[in-house]
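Below is the file structure.cif, which contains mmCIF, N, CA and C atoms.
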data_final
#
loop_
_atom_site.label_atom_id
_atom_site.label_comp_id
_atom_site.auth_asym_id
_atom_site.auth_seq_id
_atom_site.Cartn_x
_atom_site.Cartn_y
_atom_site.Cartn_z
N MET A 1 47.30 162.62 107.95
CA MET A 1 48.71 162.95 107.91
C MET A 1 49.04 164.06 108.91
N LYS A 2 48.18 165.10 108.99
CA LYS A 2 48.41 166.19 109.93
C LYS A 2 48.39 165.69 111.37
N GLU A 3 47.53 164.71 111.63
CA GLU A 3 47.41 164.16 112.99
C GLU A 3 48.69 163.40 113.36
N ILE A 4 49.28 162.69 112.42
CA ILE A 4 50.52 161.96 112.66
C ILE A 4 51.65 162.94 112.98
N ILE A 5 51.75 164.00 112.21
CA ILE A 5 52.78 165.02 112.44
C ILE A 5 52.57 165.68 113.80
N LYS A 6 51.33 166.00 114.11
CA LYS A 6 51.01 166.63 115.39
C LYS A 6 51.38 165.72 116.56
N ASP A 7 51.05 164.42 116.45
CA ASP A 7 51.40 163.46 117.50
C ASP A 7 52.92 163.31 117.62
N GLY A 8 53.60 163.30 116.47
CA GLY A 8 55.05 163.18 116.48
C GLY A 8 55.72 164.35 117.17
N ILE A 9 55.26 165.54 116.87
CA ILE A 9 55.81 166.74 117.51
C ILE A 9 55.52 166.72 119.01
N LYS A 10 54.30 166.35 119.37
CA LYS A 10 53.91 166.29 120.79
C LYS A 10 54.78 165.29 121.55
N ASN A 11 54.96 164.09 120.97
CA ASN A 11 55.78 163.07 121.63
C ASN A 11 57.25 163.49 121.68
N GLY A 12 57.75 164.10 120.62
CA GLY A 12 59.13 164.57 120.59
C GLY A 12 59.40 165.62 121.65
N LEU A 13 58.48 166.57 121.81
CA LEU A 13 58.64 167.61 122.83
C LEU A 13 58.58 167.01 124.23
N LYS A 14 57.73 166.03 124.44
CA LYS A 14 57.63 165.38 125.76
C LYS A 14 58.95 164.68 126.09
N ILE A 15 59.51 163.98 125.12
CA ILE A 15 60.77 163.28 125.35
C ILE A 15 61.90 164.29 125.61
N CYS A 16 61.93 165.38 124.86
CA CYS A 16 62.94 166.43 125.08
C CYS A 16 62.84 167.00 126.49
N LEU A 17 61.64 167.23 126.95
CA LEU A 17 61.43 167.75 128.31
C LEU A 17 61.89 166.73 129.34
N ASP A 18 61.56 165.46 129.13
CA ASP A 18 62.00 164.41 130.05
C ASP A 18 63.52 164.34 130.11
N LEU A 19 64.17 164.42 128.95
CA LEU A 19 65.63 164.38 128.91
C LEU A 19 66.24 165.61 129.58
N ALA A 20 65.65 166.77 129.36
CA ALA A 20 66.16 168.01 129.97
C ALA A 20 66.10 167.94 131.49
N LYS A 21 65.09 167.28 132.01
CA LYS A 21 64.96 167.13 133.47
C LYS A 21 66.13 166.35 134.06
N ILE A 22 66.75 165.51 133.25
CA ILE A 22 67.89 164.73 133.71
C ILE A 22 69.19 165.46 133.42
N ILE A 23 69.35 165.91 132.20
CA ILE A 23 70.63 166.44 131.74
C ILE A 23 70.99 167.77 132.39
N ILE A 24 70.06 168.70 132.48
CA ILE A 24 70.37 170.04 133.01
C ILE A 24 70.87 169.98 134.45
N PRO A 25 70.20 169.26 135.36
CA PRO A 25 70.75 169.21 136.72
C PRO A 25 72.13 168.55 136.80
N VAL A 26 72.35 167.51 136.01
CA VAL A 26 73.64 166.83 136.04
C VAL A 26 74.74 167.75 135.53
N ILE A 27 74.49 168.46 134.46
CA ILE A 27 75.49 169.40 133.94
C ILE A 27 75.77 170.50 134.96
N PHE A 28 74.73 171.00 135.60
CA PHE A 28 74.91 172.04 136.63
C PHE A 28 75.78 171.52 137.76
N ILE A 29 75.50 170.32 138.24
CA ILE A 29 76.26 169.74 139.35
C ILE A 29 77.72 169.54 138.94
N PHE A 30 77.95 169.01 137.74
CA PHE A 30 79.32 168.77 137.29
C PHE A 30 80.08 170.08 137.13
N THR A 31 79.45 171.09 136.57
CA THR A 31 80.10 172.39 136.39
C THR A 31 80.46 172.99 137.75
N PHE A 32 79.56 172.88 138.70
CA PHE A 32 79.84 173.37 140.05
C PHE A 32 81.01 172.60 140.66
N LEU A 33 80.97 171.27 140.53
CA LEU A 33 82.01 170.42 141.09
C LEU A 33 83.38 170.77 140.53
N LYS A 34 83.44 171.09 139.26
CA LYS A 34 84.70 171.41 138.61
C LYS A 34 85.39 172.60 139.26
N HIS A 35 84.64 173.47 139.89
CA HIS A 35 85.20 174.67 140.51
C HIS A 35 85.41 174.53 142.02
N THR A 36 85.45 173.29 142.49
CA THR A 36 85.66 173.05 143.92
C THR A 36 86.91 172.20 144.13
N ILE A 37 87.33 172.12 145.37
CA ILE A 37 88.48 171.28 145.70
C ILE A 37 88.12 169.80 145.57
N LEU A 38 86.83 169.51 145.59
CA LEU A 38 86.35 168.14 145.44
C LEU A 38 86.82 167.54 144.11
N PHE A 39 86.90 168.36 143.08
CA PHE A 39 87.36 167.92 141.76
C PHE A 39 88.75 167.29 141.88
N GLU A 40 89.65 168.00 142.55
CA GLU A 40 91.03 167.52 142.72
C GLU A 40 91.07 166.27 143.59
N LYS A 41 90.25 166.26 144.63
CA LYS A 41 90.23 165.10 145.53
C LYS A 41 89.73 163.84 144.81
N ILE A 42 88.72 164.02 143.96
CA ILE A 42 88.20 162.88 143.20
C ILE A 42 89.27 162.36 142.24
N ALA A 43 89.93 163.28 141.54
CA ALA A 43 90.99 162.88 140.60
C ALA A 43 92.10 162.14 141.34
N ASP A 44 92.49 162.65 142.49
CA ASP A 44 93.56 162.01 143.27
C ASP A 44 93.12 160.63 143.79
N SER A 45 91.89 160.54 144.25
CA SER A 45 91.44 159.26 144.81
C SER A 45 91.26 158.19 143.73
N LEU A 46 90.97 158.60 142.51
CA LEU A 46 90.80 157.63 141.42
C LEU A 46 92.08 157.39 140.63
N SER A 47 93.16 158.04 141.03
CA SER A 47 94.43 157.88 140.33
C SER A 47 94.90 156.42 140.26
N PRO A 48 94.78 155.62 141.34
CA PRO A 48 95.22 154.22 141.22
C PRO A 48 94.47 153.45 140.12
N LEU A 49 93.17 153.63 140.01
CA LEU A 49 92.40 152.97 138.95
C LEU A 49 92.83 153.50 137.59
N MET A 50 92.99 154.80 137.50
CA MET A 50 93.37 155.41 136.23
C MET A 50 94.76 154.95 135.80
N ASN A 51 95.66 154.73 136.77
CA ASN A 51 97.00 154.23 136.45
C ASN A 51 96.94 152.83 135.83
N VAL A 52 96.02 151.99 136.32
CA VAL A 52 95.83 150.65 135.75
C VAL A 52 95.41 150.77 134.29
N LEU A 53 94.65 151.81 134.00
CA LEU A 53 94.18 152.05 132.63
C LEU A 53 95.22 152.78 131.78
N GLY A 54 96.32 153.22 132.43
CA GLY A 54 97.35 153.96 131.70
C GLY A 54 97.00 155.42 131.51
N LEU A 55 96.13 155.94 132.36
CA LEU A 55 95.66 157.32 132.23
C LEU A 55 95.99 158.11 133.49
N PRO A 56 96.15 159.43 133.36
CA PRO A 56 96.33 160.27 134.55
C PRO A 56 95.01 160.41 135.32
N GLY A 57 95.09 160.74 136.59
CA GLY A 57 93.89 160.91 137.41
C GLY A 57 92.93 161.93 136.84
N SER A 58 93.46 162.96 136.20
CA SER A 58 92.61 164.01 135.64
C SER A 58 91.76 163.51 134.48
N ALA A 59 92.10 162.36 133.91
CA ALA A 59 91.30 161.79 132.82
C ALA A 59 89.98 161.22 133.32
N THR A 60 89.80 161.18 134.63
CA THR A 60 88.54 160.72 135.22
C THR A 60 87.37 161.53 134.68
N PHE A 61 87.55 162.82 134.59
CA PHE A 61 86.44 163.70 134.23
C PHE A 61 86.03 163.61 132.76
N PRO A 62 86.98 163.54 131.82
CA PRO A 62 86.54 163.29 130.44
C PRO A 62 85.82 161.94 130.31
N LEU A 63 86.28 160.95 131.06
CA LEU A 63 85.59 159.65 131.04
C LEU A 63 84.17 159.77 131.55
N ILE A 64 84.00 160.49 132.66
CA ILE A 64 82.66 160.68 133.22
C ILE A 64 81.77 161.42 132.21
N LEU A 65 82.32 162.47 131.62
CA LEU A 65 81.56 163.23 130.62
C LEU A 65 81.18 162.36 129.43
N GLY A 66 82.14 161.58 128.94
CA GLY A 66 81.87 160.72 127.80
C GLY A 66 80.90 159.59 128.13
N PHE A 67 81.10 158.97 129.29
CA PHE A 67 80.22 157.87 129.68
C PHE A 67 78.78 158.34 129.88
N PHE A 68 78.61 159.44 130.55
CA PHE A 68 77.26 159.82 130.97
C PHE A 68 76.60 160.92 130.13
N PHE A 69 77.39 161.74 129.45
CA PHE A 69 76.80 162.80 128.65
C PHE A 69 76.97 162.50 127.18
N ASN A 70 78.06 162.97 126.60
CA ASN A 70 78.30 162.66 125.19
C ASN A 70 79.78 162.80 124.87
N MET A 71 80.14 162.31 123.70
CA MET A 71 81.54 162.31 123.30
C MET A 71 82.08 163.72 123.09
N TYR A 72 81.22 164.64 122.68
CA TYR A 72 81.68 166.01 122.42
C TYR A 72 82.12 166.70 123.71
N ALA A 73 81.39 166.47 124.78
CA ALA A 73 81.79 167.03 126.08
C ALA A 73 83.13 166.42 126.52
N ALA A 74 83.28 165.12 126.29
CA ALA A 74 84.53 164.45 126.65
C ALA A 74 85.71 165.00 125.85
N ILE A 75 85.49 165.20 124.56
CA ILE A 75 86.56 165.74 123.70
C ILE A 75 86.97 167.12 124.17
N ALA A 76 85.99 167.94 124.54
CA ALA A 76 86.30 169.29 125.04
C ALA A 76 87.16 169.22 126.29
N ALA A 77 86.87 168.27 127.17
CA ALA A 77 87.67 168.12 128.39
C ALA A 77 89.05 167.54 128.08
N ILE A 78 89.12 166.62 127.14
CA ILE A 78 90.40 166.00 126.78
C ILE A 78 91.36 167.02 126.20
N VAL A 79 90.83 167.96 125.43
CA VAL A 79 91.68 168.98 124.80
C VAL A 79 92.46 169.77 125.85
N SER A 80 91.86 169.97 127.01
CA SER A 80 92.53 170.76 128.06
C SER A 80 93.61 169.96 128.79
N LEU A 81 93.66 168.66 128.56
CA LEU A 81 94.67 167.82 129.19
C LEU A 81 95.82 167.57 128.22
N GLN A 82 97.00 167.40 128.75
CA GLN A 82 98.13 167.04 127.91
C GLN A 82 98.30 165.54 128.01
N MET A 83 97.89 164.85 126.94
CA MET A 83 97.92 163.39 126.96
C MET A 83 98.77 162.88 125.81
N THR A 84 99.37 161.71 126.04
CA THR A 84 100.16 161.06 125.00
C THR A 84 99.23 160.40 123.99
N THR A 85 99.80 159.96 122.89
CA THR A 85 99.02 159.24 121.87
C THR A 85 98.42 157.98 122.47
N LYS A 86 99.18 157.28 123.27
CA LYS A 86 98.69 156.07 123.94
C LYS A 86 97.49 156.39 124.83
N GLN A 87 97.61 157.44 125.64
CA GLN A 87 96.51 157.82 126.54
C GLN A 87 95.28 158.23 125.75
N LEU A 88 95.48 158.98 124.68
CA LEU A 88 94.35 159.38 123.84
C LEU A 88 93.66 158.17 123.23
N THR A 89 94.45 157.19 122.81
CA THR A 89 93.87 155.97 122.24
C THR A 89 93.06 155.21 123.28
N ILE A 90 93.61 155.08 124.48
CA ILE A 90 92.92 154.37 125.56
C ILE A 90 91.60 155.05 125.89
N ILE A 91 91.64 156.35 126.13
CA ILE A 91 90.42 157.06 126.53
C ILE A 91 89.38 157.05 125.40
N ALA A 92 89.84 157.15 124.16
CA ALA A 92 88.92 157.12 123.02
C ALA A 92 88.23 155.75 122.93
N MET A 93 89.00 154.68 123.08
CA MET A 93 88.42 153.33 123.01
C MET A 93 87.42 153.10 124.14
N MET A 94 87.73 153.61 125.32
CA MET A 94 86.83 153.44 126.46
C MET A 94 85.52 154.20 126.24
N ILE A 95 85.63 155.43 125.78
CA ILE A 95 84.42 156.24 125.57
C ILE A 95 83.59 155.68 124.42
N LEU A 96 84.25 155.14 123.40
CA LEU A 96 83.50 154.52 122.30
C LEU A 96 82.76 153.27 122.76
N THR A 97 83.30 152.59 123.78
CA THR A 97 82.65 151.39 124.30
C THR A 97 81.44 151.74 125.16
N ALA A 98 81.56 152.79 125.94
CA ALA A 98 80.46 153.19 126.82
C ALA A 98 80.31 154.70 126.76
N HIS A 99 79.31 155.18 126.05
CA HIS A 99 79.11 156.63 125.91
C HIS A 99 77.63 156.96 126.00
N THR A 100 77.36 158.18 126.40
CA THR A 100 76.00 158.73 126.45
C THR A 100 75.05 157.81 127.22
N LEU A 101 75.51 157.29 128.34
CA LEU A 101 74.74 156.29 129.07
C LEU A 101 73.44 156.83 129.67
N ILE A 102 73.41 158.09 130.04
CA ILE A 102 72.18 158.65 130.59
C ILE A 102 71.08 158.66 129.53
N LEU A 103 71.40 159.20 128.37
CA LEU A 103 70.39 159.27 127.31
C LEU A 103 69.98 157.88 126.83
N GLU A 104 70.96 157.02 126.63
CA GLU A 104 70.64 155.68 126.16
C GLU A 104 69.89 154.90 127.23
N GLY A 105 70.25 155.12 128.49
CA GLY A 105 69.51 154.48 129.58
C GLY A 105 68.07 154.93 129.61
N PHE A 106 67.85 156.20 129.36
CA PHE A 106 66.50 156.76 129.32
C PHE A 106 65.69 156.09 128.21
N VAL A 107 66.30 155.95 127.04
CA VAL A 107 65.62 155.31 125.91
C VAL A 107 65.34 153.84 126.23
N LEU A 108 66.33 153.15 126.79
CA LEU A 108 66.13 151.74 127.13
C LEU A 108 65.04 151.57 128.18
N LYS A 109 64.97 152.50 129.13
CA LYS A 109 63.92 152.45 130.15
C LYS A 109 62.56 152.58 129.49
N LYS A 110 62.44 153.50 128.54
CA LYS A 110 61.18 153.68 127.81
C LYS A 110 60.80 152.40 127.05
N LEU A 111 61.81 151.65 126.61
CA LEU A 111 61.58 150.41 125.88
C LEU A 111 61.34 149.23 126.83
N LYS A 112 61.39 149.52 128.14
CA LYS A 112 61.18 148.51 129.17
C LYS A 112 62.25 147.41 129.14
N VAL A 113 63.50 147.83 128.91
CA VAL A 113 64.65 146.94 128.91
C VAL A 113 65.36 147.11 130.25
N LYS A 114 66.08 146.09 130.70
CA LYS A 114 66.84 146.18 131.94
C LYS A 114 68.05 147.08 131.72
N TYR A 115 67.81 148.37 131.76
CA TYR A 115 68.82 149.35 131.38
C TYR A 115 69.97 149.42 132.37
N ILE A 116 69.73 149.22 133.66
CA ILE A 116 70.81 149.30 134.64
C ILE A 116 71.85 148.21 134.35
N THR A 117 71.38 147.01 134.06
CA THR A 117 72.28 145.91 133.74
C THR A 117 73.13 146.24 132.51
N LEU A 118 72.52 146.79 131.49
CA LEU A 118 73.26 147.14 130.28
C LEU A 118 74.26 148.25 130.52
N ILE A 119 73.90 149.24 131.32
CA ILE A 119 74.81 150.34 131.63
C ILE A 119 76.02 149.82 132.41
N VAL A 120 75.78 149.00 133.42
CA VAL A 120 76.88 148.43 134.21
C VAL A 120 77.78 147.58 133.32
N PHE A 121 77.17 146.76 132.46
CA PHE A 121 77.93 145.92 131.54
C PHE A 121 78.83 146.77 130.64
N ARG A 122 78.31 147.83 130.09
CA ARG A 122 79.10 148.68 129.19
C ARG A 122 80.24 149.37 129.92
N ILE A 123 80.01 149.79 131.16
CA ILE A 123 81.09 150.42 131.94
C ILE A 123 82.19 149.39 132.23
N ILE A 124 81.79 148.19 132.63
CA ILE A 124 82.78 147.13 132.89
C ILE A 124 83.56 146.82 131.62
N MET A 125 82.87 146.72 130.50
CA MET A 125 83.56 146.45 129.23
C MET A 125 84.52 147.59 128.87
N ALA A 126 84.11 148.83 129.12
CA ALA A 126 84.99 149.97 128.84
C ALA A 126 86.26 149.89 129.69
N LEU A 127 86.11 149.52 130.96
CA LEU A 127 87.28 149.38 131.82
C LEU A 127 88.19 148.26 131.32
N LEU A 128 87.60 147.14 130.93
CA LEU A 128 88.40 146.02 130.40
C LEU A 128 89.10 146.41 129.10
N VAL A 129 88.41 147.16 128.24
CA VAL A 129 89.02 147.64 127.00
C VAL A 129 90.21 148.55 127.34
N GLY A 130 90.03 149.44 128.31
CA GLY A 130 91.10 150.34 128.72
C GLY A 130 92.32 149.58 129.22
N ILE A 131 92.09 148.57 130.06
CA ILE A 131 93.20 147.76 130.58
C ILE A 131 93.89 147.02 129.43
N PHE A 132 93.09 146.44 128.55
CA PHE A 132 93.64 145.68 127.42
C PHE A 132 94.49 146.58 126.51
N VAL A 133 93.96 147.72 126.13
CA VAL A 133 94.70 148.63 125.24
C VAL A 133 95.97 149.12 125.94
N ASN A 134 95.90 149.37 127.22
CA ASN A 134 97.09 149.80 127.97
C ASN A 134 98.16 148.73 127.93
N ILE A 135 97.76 147.48 128.10
CA ILE A 135 98.73 146.37 128.07
C ILE A 135 99.31 146.19 126.67
N VAL A 136 98.44 146.21 125.67
CA VAL A 136 98.86 145.98 124.29
C VAL A 136 99.80 147.08 123.80
N MET A 137 99.55 148.31 124.21
CA MET A 137 100.35 149.44 123.73
C MET A 137 101.61 149.69 124.57
N THR A 138 101.88 148.83 125.54
CA THR A 138 103.06 149.01 126.40
C THR A 138 104.33 148.68 125.67
#
Would you write out, as structure tokens, the structure that this file holds?
Amino acid sequence: MKEIIKDGIKNGLKICLDLAKIIIPVIFIFTFLKHTILFEKIADSLSPLMNVLGLPGSATFPLILGFFFNMYAAIAAIVSLQMTTKQLTIIAMMILTAHTLILEGFVLKKLKVKYITLIVFRIIMALLVGIFVNIVMT
């Protein structure tokens, strides 16, 4: 029994370290990006896509946070935006369709599943859900 617990702790710590190697640099890069003019340029350049989804260009970043990190980071970013009920519904549905893709991709990779295909599929589905909800709520 002690050996099982020891192995479990060892494997858990290894997985945490592997995840930290991915998450910490990405968070650092995103935080840095947020304080540059590049943030505004990205929001402006993605505005046409966001308009199709019924969202403002600034909603790009909560979507990125939700898709690739977690829903809590996305919620924190959404709070700083002034969004309508319709926009909140759209962004919530999209993030619920495709969320935490980095972590889930890491797990799928460990399981030897075609994780890139699944990640792309979930992002496409999230975009389709966003378009659908935007049309339905018009």
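When atom CA of A:Leu55 is paired with atom CA of A:Gln87, their separation reads 5.8 Å.
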Practice prompt. Determine which residues of stretch 21-63 of chain A receive a DSSP assignment of helix (DSSP H, G or I), computed from the backbone, and state them as an MDAnalysis selection string.
Written response: chainID A and resid 21:34 37:45 47:52 57:63
Practice prompt. Return the single residue from A:Gly57, A:Lys6, A:Phe67, A:Cys16 that is closest to A:Leu96, with distances computed using only N, CA and C atoms.
Written response: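 So, comparing all the options, the nearest one is A:Phe67.
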Item to complete: For atom CA of A:Pro56 and atom C of A:Ala74, quote the distance in Å rounded to one decimal.
Response: 14.5 Å
At most 6 Å is the cut-off: for each residue in stretch 5-86 of chain A with any atom that close to an atom of stretch 99-123 of chain A, write down the nearest atom pair and the distance in Å rounded to one decimal, counting all atoms listed in the file, chain first then increasing number, as JSON lines.
{"residue": "A:Gly66", "atom": "C", "partner": "A:His99", "partner_atom": "CA", "distance": 4.1}
{"residue": "A:Phe67", "atom": "C", "partner": "A:Thr100", "partner_atom": "N", "distance": 3.8}
{"residue": "A:Phe68", "atom": "CA", "partner": "A:Leu101", "partner_atom": "N", "distance": 4.0}
{"residue": "A:Phe69", "atom": "C", "partner": "A:Thr100", "partner_atom": "CA", "distance": 4.0}
{"residue": "A:Asn70", "atom": "N", "partner": "A:Thr100", "partner_atom": "CA", "distance": 4.7}
{"residue": "A:Met71", "atom": "N", "partner": "A:Thr100", "partner_atom": "N", "distance": 5.7}
Worksheet item: Using all atoms listed in the file, which residues sit within 8 Å of A:Ala73 once same-chain residues fewer than 4 positions away are excluded, as a ChimeraX atom specification?
Response: /A:61-66,69,77-79
Discussion item. One decimal, in Å: what's the spacing between atom CA of A:Pro25 and atom C of A:Asp7?
Written reply: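 Distance reported for this atom pair: 26.8 Å.
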Item to complete: Identify the residues around (96.1, 150.1, 129.3) within a radius of 8 Å, measuring from all atoms listed in the file in the coordinates stated by the file, and give them as a list in words.
Response: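 Selection result: Asn51, Val52, Leu53, Gly54, Leu55, Lys86, Ile90, Leu128, Val129, Gly130, Ile131, Phe132, Val133, Asn134, Ile135, Val136, Met137 and Thr138 of chain A.
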For the structure provided, state which residues fall under the PyMOL selection byres ((chain A and resi 31-45) around 7), and present them as an mmCIF file with N, CA and C atoms, keeping the file's coordinate frame.
data_model
loop_
_atom_site.group_PDB
_atom_site.id
_atom_site.type_symbol
_atom_site.label_atom_id
_atom_site.label_comp_id
_atom_site.auth_asym_id
_atom_site.auth_seq_id
_atom_site.Cartn_x
_atom_site.Cartn_y
_atom_site.Cartn_z
ATOM 1 N N VAL A 26 72.350 167.510 136.010
ATOM 2 C CA VAL A 26 73.640 166.830 136.040
ATOM 3 C C VAL A 26 74.740 167.750 135.530
ATOM 4 N N ILE A 27 74.490 168.460 134.460
ATOM 5 C CA ILE A 27 75.490 169.400 133.940
ATOM 6 C C ILE A 27 75.770 170.500 134.960
ATOM 7 N N PHE A 28 74.730 171.000 135.600
ATOM 8 C CA PHE A 28 74.910 172.040 136.630
ATOM 9 C C PHE A 28 75.780 171.520 137.760
ATOM 10 N N ILE A 29 75.500 170.320 138.240
ATOM 11 C CA ILE A 29 76.260 169.740 139.350
ATOM 12 C C ILE A 29 77.720 169.540 138.940
ATOM 13 N N PHE A 30 77.950 169.010 137.740
ATOM 14 C CA PHE A 30 79.320 168.770 137.290
ATOM 15 C C PHE A 30 80.080 170.080 137.130
ATOM 16 N N LEU A 46 90.970 158.600 142.510
ATOM 17 C CA LEU A 46 90.800 157.630 141.420
ATOM 18 C C LEU A 46 92.080 157.390 140.630
ATOM 19 N N SER A 47 93.160 158.040 141.030
ATOM 20 C CA SER A 47 94.430 157.880 140.330
ATOM 21 C C SER A 47 94.900 156.420 140.260
ATOM 22 N N PRO A 48 94.780 155.620 141.340
ATOM 23 C CA PRO A 48 95.220 154.220 141.220
ATOM 24 C C PRO A 48 94.470 153.450 140.120
ATOM 25 N N LEU A 49 93.170 153.630 140.010
ATOM 26 C CA LEU A 49 92.400 152.970 138.950
ATOM 27 C C LEU A 49 92.830 153.500 137.590
ATOM 28 N N PRO A 56 96.150 159.430 133.360
ATOM 29 C CA PRO A 56 96.330 160.270 134.550
ATOM 30 C C PRO A 56 95.010 160.410 135.320
ATOM 31 N N GLY A 57 95.090 160.740 136.590
ATOM 32 C CA GLY A 57 93.890 160.910 137.410
ATOM 33 C C GLY A 57 92.930 161.930 136.840
ATOM 34 N N SER A 58 93.460 162.960 136.200
ATOM 35 C CA SER A 58 92.610 164.010 135.640
ATOM 36 C C SER A 58 91.760 163.510 134.480
ATOM 37 N N ALA A 59 92.100 162.360 133.910
ATOM 38 C CA ALA A 59 91.300 161.790 132.820
ATOM 39 C C ALA A 59 89.980 161.220 133.320
ATOM 40 N N THR A 60 89.800 161.180 134.630
ATOM 41 C CA THR A 60 88.540 160.720 135.220
ATOM 42 C C THR A 60 87.370 161.530 134.680
ATOM 43 N N PHE A 61 87.550 162.820 134.590
ATOM 44 C CA PHE A 61 86.440 163.700 134.230
ATOM 45 C C PHE A 61 86.030 163.610 132.760
#
Stretch 101-105 of chain A: axis-aligned bounding box, 3 Å on each side, centre and edge lengths in Å, one decimal, as lines of an AutoDock Vina configuration file:
center_x = 71.8
center_y = 156.9
center_z = 128.4
size_x = 13.4
size_y = 10.8
size_z = 10.4
